[in-house]
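*Asks:* Got a structure for you, entry.cif, holding mmCIF, C-alpha atoms.
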```
data_protein
loop_
_atom_site.group_PDB
_atom_site.id
_atom_site.type_symbol
_atom_site.label_atom_id
_atom_site.label_comp_id
_atom_site.auth_asym_id
_atom_site.auth_seq_id
_atom_site.Cartn_x
_atom_site.Cartn_y
_atom_site.Cartn_z
ATOM 1 C CA MET A 1 178.217 74.419 111.528
ATOM 2 C CA LYS A 2 180.980 74.182 108.998
ATOM 3 C CA HIS A 3 181.808 75.521 105.543
ATOM 4 C CA ASN A 4 179.419 74.251 102.823
ATOM 5 C CA ASP A 5 176.800 72.883 105.269
ATOM 6 C CA LYS A 6 173.324 72.951 103.758
ATOM 7 C CA VAL A 7 170.990 75.036 105.953
ATOM 8 C CA THR A 8 167.511 76.505 106.201
ATOM 9 C CA CYS A 9 166.584 79.714 108.002
ATOM 10 C CA SER A 10 164.486 82.845 107.930
ATOM 11 C CA ILE A 11 166.013 86.227 107.153
ATOM 12 C CA GLY A 12 163.745 89.130 107.986
ATOM 13 C CA GLY A 13 160.802 86.734 108.129
ATOM 14 C CA ILE A 14 161.454 85.282 104.650
ATOM 15 C CA VAL A 15 161.929 81.493 104.808
ATOM 16 C CA ILE A 16 164.982 80.297 102.896
ATOM 17 C CA THR A 17 165.103 76.560 102.220
ATOM 18 C CA ASP A 18 168.036 76.449 99.805
ATOM 19 C CA ALA A 19 171.171 77.885 101.403
ATOM 20 C CA ARG A 20 174.682 76.966 102.505
ATOM 21 C CA ILE A 21 177.144 78.213 105.091
ATOM 22 C CA SER A 22 180.326 79.813 103.765
ATOM 23 C CA ILE A 23 183.122 80.666 106.188
ATOM 24 C CA ASN A 24 185.781 83.179 105.147
ATOM 25 C CA GLU A 25 189.454 82.649 106.048
ATOM 26 C CA ASN A 26 189.055 85.052 108.981
ATOM 27 C CA GLY A 27 186.270 82.850 110.420
ATOM 28 C CA THR A 28 183.317 85.059 109.483
ATOM 29 C CA PRO A 29 180.304 82.897 108.564
ATOM 30 C CA PHE A 30 177.799 83.750 105.825
ATOM 31 C CA ILE A 31 174.498 82.294 104.665
ATOM 32 C CA CYS A 32 174.730 81.948 100.875
ATOM 33 C CA HIS A 33 171.331 81.948 99.141
ATOM 34 C CA ASN A 34 169.387 83.153 96.093
ATOM 35 C CA GLU A 35 166.785 85.375 97.831
ATOM 36 C CA GLU A 36 167.235 88.766 96.118
ATOM 37 C CA LYS A 37 165.520 90.668 98.931
ATOM 38 C CA TYR A 38 168.375 89.869 101.337
ATOM 39 C CA VAL A 39 171.659 90.949 99.823
ATOM 40 C CA GLY A 40 174.310 91.451 102.469
ATOM 41 C CA ALA A 41 178.096 91.479 102.581
ATOM 42 C CA MET A 42 179.662 89.127 100.052
ATOM 43 C CA ALA A 43 181.308 85.922 101.202
ATOM 44 C CA ASP A 44 184.695 85.058 99.703
ATOM 45 C CA ASP A 45 183.226 81.753 98.456
ATOM 46 C CA MET A 46 179.603 82.134 97.344
ATOM 47 C CA LEU A 47 179.236 78.345 96.821
ATOM 48 C CA GLY A 48 177.330 78.883 93.582
ATOM 49 C CA TYR A 49 174.712 81.213 95.094
ATOM 50 C CA LYS A 50 174.003 84.813 94.044
ATOM 51 C CA TYR A 51 173.754 86.432 97.482
ATOM 52 C CA SER A 52 175.046 86.064 101.024
ATOM 53 C CA TRP A 53 174.174 87.327 104.482
ATOM 54 C CA ARG A 54 176.923 87.941 107.052
ATOM 55 C CA LEU A 55 176.576 86.384 110.490
ATOM 56 C CA ASP A 56 178.395 87.028 113.739
ATOM 57 C CA LYS A 57 181.166 84.563 114.624
ATOM 58 C CA ASP A 58 178.672 82.631 116.780
ATOM 59 C CA PHE A 59 176.360 82.159 113.733
ATOM 60 C CA THR A 60 173.772 84.676 114.950
ATOM 61 C CA ASP A 61 172.240 87.846 113.547
ATOM 62 C CA LYS A 62 169.206 89.811 114.753
ATOM 63 C CA SER A 63 167.517 89.347 111.343
ATOM 64 C CA VAL A 64 168.142 85.588 111.153
ATOM 65 C CA THR A 65 165.926 83.040 112.902
ATOM 66 C CA ASN A 66 165.620 79.260 112.820
ATOM 67 C CA LEU A 67 169.084 78.697 111.356
ATOM 68 C CA ARG A 68 169.565 74.935 111.229
ATOM 69 C CA LEU A 69 171.213 72.197 109.233
ATOM 70 C CA ALA A 70 169.008 71.092 106.356
ATOM 71 C CA THR A 71 169.333 67.353 106.432
ATOM 72 C CA GLY A 72 166.430 65.642 104.798
ATOM 73 C CA PHE A 73 166.342 62.904 107.394
ATOM 74 C CA LYS A 74 167.218 62.652 111.056
ATOM 75 C CA LYS A 75 168.428 59.893 113.368
ATOM 76 C CA GLY A 76 165.599 57.499 114.156
ATOM 77 C CA ASP A 77 163.610 58.174 110.970
ATOM 78 C CA ILE A 78 162.176 55.147 109.189
ATOM 79 C CA LEU A 79 162.599 55.377 105.407
ATOM 80 C CA VAL A 80 161.021 53.310 102.666
ATOM 81 C CA SER A 81 162.722 52.844 99.300
ATOM 82 C CA LYS A 82 161.058 52.621 95.900
ATOM 83 C CA TYR A 83 161.399 48.833 96.352
ATOM 84 C CA ASP A 84 159.342 48.971 99.619
ATOM 85 C CA ASN A 85 162.360 48.190 101.814
ATOM 86 C CA LYS A 86 162.071 49.909 105.185
ATOM 87 C CA ARG A 87 165.269 51.026 106.898
ATOM 88 C CA LYS A 88 165.996 53.069 109.981
ATOM 89 C CA VAL A 89 168.516 55.924 110.135
ATOM 90 C CA LEU A 90 170.736 54.581 112.925
ATOM 91 C CA GLU A 91 173.279 57.403 112.911
ATOM 92 C CA ILE A 92 174.330 60.437 110.876
ATOM 93 C CA LEU A 93 177.977 61.383 110.663
ATOM 94 C CA GLY A 94 178.606 64.467 108.544
ATOM 95 C CA ASP A 95 177.082 63.692 105.145
ATOM 96 C CA LEU A 96 176.826 59.934 105.803
ATOM 97 C CA TYR A 97 173.678 58.103 106.858
ATOM 98 C CA PHE A 98 174.194 54.762 108.616
ATOM 99 C CA MET A 99 171.178 52.682 107.669
ATOM 100 C CA SER A 100 169.765 49.523 109.230
ATOM 101 C CA ASP A 101 169.101 46.217 107.516
ATOM 102 C CA PRO A 102 165.768 46.219 105.689
ATOM 103 C CA ASP A 103 162.962 45.586 108.192
ATOM 104 C CA ASP A 104 165.510 44.906 110.997
ATOM 105 C CA PHE A 105 166.149 48.231 112.663
ATOM 106 C CA THR A 106 168.896 47.060 115.027
ATOM 107 C CA SER A 107 171.905 46.329 112.806
ATOM 108 C CA ILE A 108 173.813 48.434 110.269
ATOM 109 C CA ASP A 109 173.491 47.315 106.667
ATOM 110 C CA SER A 110 174.915 50.197 104.649
ATOM 111 C CA VAL A 111 176.109 53.770 104.611
ATOM 112 C CA TYR A 112 174.662 56.289 102.147
ATOM 113 C CA THR A 113 174.883 59.967 101.345
ATOM 114 C CA GLU A 114 171.631 61.931 101.266
ATOM 115 C CA GLN A 115 171.913 62.100 97.462
ATOM 116 C CA GLU A 116 172.167 58.295 97.272
ATOM 117 C CA LEU A 117 169.116 57.886 99.504
ATOM 118 C CA GLU A 118 167.158 60.243 97.263
ATOM 119 C CA LYS A 119 168.456 58.437 94.136
ATOM 120 C CA TRP A 120 167.063 55.150 95.462
ATOM 121 C CA GLY A 121 163.742 56.844 96.159
ATOM 122 C CA HIS A 122 163.885 56.725 99.950
ATOM 123 C CA LYS A 123 161.009 58.613 101.548
ATOM 124 C CA LEU A 124 160.097 59.206 105.162
ATOM 125 C CA VAL A 125 157.521 56.756 106.478
ATOM 126 C CA THR A 126 154.761 58.581 108.287
ATOM 127 C CA PRO A 127 154.248 56.579 111.455
ATOM 128 C CA THR A 128 150.740 55.452 112.191
ATOM 129 C CA LYS A 129 149.392 55.984 115.665
ATOM 130 C CA GLU A 130 147.583 53.214 117.470
ATOM 131 C CA TYR A 131 144.450 54.346 119.264
ATOM 132 C CA SER A 132 142.941 52.831 122.370
ATOM 133 C CA HIS A 133 139.290 51.774 122.516
ATOM 134 C CA ALA A 134 138.625 54.769 124.779
ATOM 135 C CA GLU A 135 140.172 57.207 122.267
ATOM 136 C CA ILE A 136 138.156 55.727 119.398
ATOM 137 C CA ALA A 137 134.931 55.808 121.400
ATOM 138 C CA LYS A 138 135.558 59.412 122.428
ATOM 139 C CA ALA A 139 136.199 60.420 118.799
ATOM 140 C CA LEU A 140 132.924 58.735 117.790
ATOM 141 C CA GLY A 141 131.049 60.303 120.694
ATOM 142 C CA ILE A 142 129.974 57.005 122.243
ATOM 143 C CA ASP A 143 130.675 55.187 125.502
ATOM 144 C CA ALA A 144 133.740 52.896 125.310
ATOM 145 C CA LYS A 145 131.734 49.901 126.622
ATOM 146 C CA ASP A 146 129.392 50.246 123.608
ATOM 147 C CA LEU A 147 132.265 50.110 121.140
ATOM 148 C CA LYS A 148 132.613 46.791 119.322
ATOM 149 C CA ILE A 149 135.673 46.218 117.150
ATOM 150 C CA LYS A 150 135.417 43.621 114.374
ATOM 151 C CA GLU A 151 138.566 41.554 113.883
#
```
Would it be possible to restate this file's structure as structure tokens?
*Replies:*
Amino acid sequence: MKHNDKVTCSIGGIVITDARISINENGTPFICHNEEKYVGAMADDMLGYKYSWRLDKDFTDKSVTNLRLATGFKKGDILVSKYDNKRKVLEILGDLYFMSDPDDFTSIDSVYTEQELEKWGHKLVTPTKEYSHAEIAKALGIDAKDLKIKE
């Protein structure tokens, strides 16, 4: 993780979804956040947050769990824009998302920041699962050979 990375975590069991990493000149990392219950040592650069929580140099602390980068999308996600264009996140490099051509998930069309993706209304497509005849029959409580699917 690097200075100003957006993160999520839990501190003392409290989930924090809006936080950033601040790293002092001496290399000490902090989680900057607005959760009043967890006020720790102050980072040199609070990144616009009210509070911070000091971490060990290896980004650990016994009170902190699930510390991870808070990217809205991950590599491989299929996104749909407000114009119904579907694109795949082909790669993420820092704050840049390399996106596929619309409806062709094999070639790069454009590069966006997360803010630009949100501005254009991109949302994660929830993949639909295909079910076999056997799975459908089992869910209905009937024998698969008795299942008739209308086309």
*Asks:* List as a list in words: which residues have an atom within 10 Å of (168.3, 62.3, 103.7), counting only C-alpha atoms?
*Replies:*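 Residues with an atom close enough to that point: Ala70, Thr71, Gly72, Phe73, Lys74, Lys75, Asp77, Leu79, Val89, Ile92, Asp95, Leu96, Tyr97, Tyr112, Thr113, Glu114, Gln115, Glu116, Leu117, Glu118, His122, Lys123 and Leu124 of chain A.
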*Asks:* List, as a list in words, every residue that the PyMOL selection byres ((chain A and resi 2-4) around 7) selects in the file provided.
*Replies:*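 Listing what the PyMOL selection byres ((chain A and resi 2-4) around 7) selects in the shown file: Met1, Asp5, Lys6, Arg20, Ile21, Ser22 and Ile23 of chain A.
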*Asks:* So which one's closest to Lys86 (chain A), A:Asn26, A:Asp109, A:Leu67, A:Ser132? Using all atoms listed in the file, please.
*Replies:* A:Asp109
*Asks:* Exactly which residues make up the result of the PyMOL selection byres ((chain A and resi 66) around 8) on this file, given as number ranges by chain?
*Replies:* A: 8-10, 64-65, 67-68
*Asks:* Run through the PyMOL selection byres ((chain A and resi 52) around 9) on the given coordinates and return the selected residues as a list in words.
*Replies:* Ser22, Phe30, Ile31, Cys32, His33, Asn34, Glu35, Tyr38, Val39, Gly40, Ala41, Met42, Ala43, Met46, Tyr49, Lys50, Tyr51, Trp53 and Arg54 of chain A
*Asks:* When you get a chance, write out N, CA and C atoms for region 91-114 of chain A, as a CSV table (one decimal), in the frame of the given file.
*Replies:*
```csv
chain,number,residue,atom,x,y,z
A,91,GLU,N,172.3,56.3,112.5
A,91,GLU,CA,173.3,57.4,112.9
A,91,GLU,C,173.6,58.3,111.7
A,92,ILE,N,173.9,59.5,111.9
A,92,ILE,CA,174.3,60.4,110.9
A,92,ILE,C,175.7,61.0,111.3
A,93,LEU,N,176.6,60.9,110.4
A,93,LEU,CA,178.0,61.4,110.7
A,93,LEU,C,178.4,62.2,109.5
A,94,GLY,N,178.3,63.6,109.7
A,94,GLY,CA,178.6,64.5,108.5
A,94,GLY,C,177.6,64.3,107.5
A,95,ASP,N,178.0,63.9,106.3
A,95,ASP,CA,177.1,63.7,105.1
A,95,ASP,C,176.7,62.2,105.0
A,96,LEU,N,177.1,61.4,105.9
A,96,LEU,CA,176.8,59.9,105.8
A,96,LEU,C,175.7,59.5,106.7
A,97,TYR,N,174.8,58.7,106.1
A,97,TYR,CA,173.7,58.1,106.9
A,97,TYR,C,173.9,56.6,107.0
A,98,PHE,N,174.0,56.2,108.3
A,98,PHE,CA,174.2,54.8,108.6
A,98,PHE,C,172.8,54.1,108.7
A,99,MET,N,172.5,53.2,107.8
A,99,MET,CA,171.2,52.7,107.7
A,99,MET,C,171.1,51.2,108.2
A,100,SER,N,170.0,50.9,108.7
A,100,SER,CA,169.8,49.5,109.2
A,100,SER,C,169.5,48.6,108.1
A,101,ASP,N,169.5,47.3,108.4
A,101,ASP,CA,169.1,46.2,107.5
A,101,ASP,C,167.6,46.5,107.2
A,102,PRO,N,167.2,46.1,106.0
A,102,PRO,CA,165.8,46.2,105.7
A,102,PRO,C,164.9,45.5,106.7
A,103,ASP,N,163.9,46.1,107.2
A,103,ASP,CA,163.0,45.6,108.2
A,103,ASP,C,163.6,45.0,109.5
A,104,ASP,N,164.9,45.3,109.7
A,104,ASP,CA,165.5,44.9,111.0
A,104,ASP,C,166.2,46.2,111.4
A,105,PHE,N,165.7,46.9,112.3
A,105,PHE,CA,166.1,48.2,112.7
A,105,PHE,C,167.2,48.3,113.7
A,106,THR,N,167.9,47.1,114.0
A,106,THR,CA,168.9,47.1,115.0
A,106,THR,C,170.3,46.9,114.5
A,107,SER,N,170.5,46.5,113.3
A,107,SER,CA,171.9,46.3,112.8
A,107,SER,C,172.2,47.2,111.6
A,108,ILE,N,173.4,47.6,111.4
A,108,ILE,CA,173.8,48.4,110.3
A,108,ILE,C,174.0,47.6,109.0
A,109,ASP,N,173.4,48.0,107.9
A,109,ASP,CA,173.5,47.3,106.7
A,109,ASP,C,174.4,48.1,105.7
A,110,SER,N,174.2,49.4,105.6
A,110,SER,CA,174.9,50.2,104.6
A,110,SER,C,175.0,51.6,105.1
A,111,VAL,N,175.9,52.3,104.4
A,111,VAL,CA,176.1,53.8,104.6
A,111,VAL,C,175.9,54.5,103.3
A,112,TYR,N,175.0,55.5,103.3
A,112,TYR,CA,174.7,56.3,102.1
A,112,TYR,C,174.9,57.8,102.4
A,113,THR,N,175.0,58.5,101.3
A,113,THR,CA,174.9,60.0,101.3
A,113,THR,C,173.4,60.3,101.1
A,114,GLU,N,173.0,61.5,101.5
A,114,GLU,CA,171.6,61.9,101.3
A,114,GLU,C,171.2,61.8,99.8
```
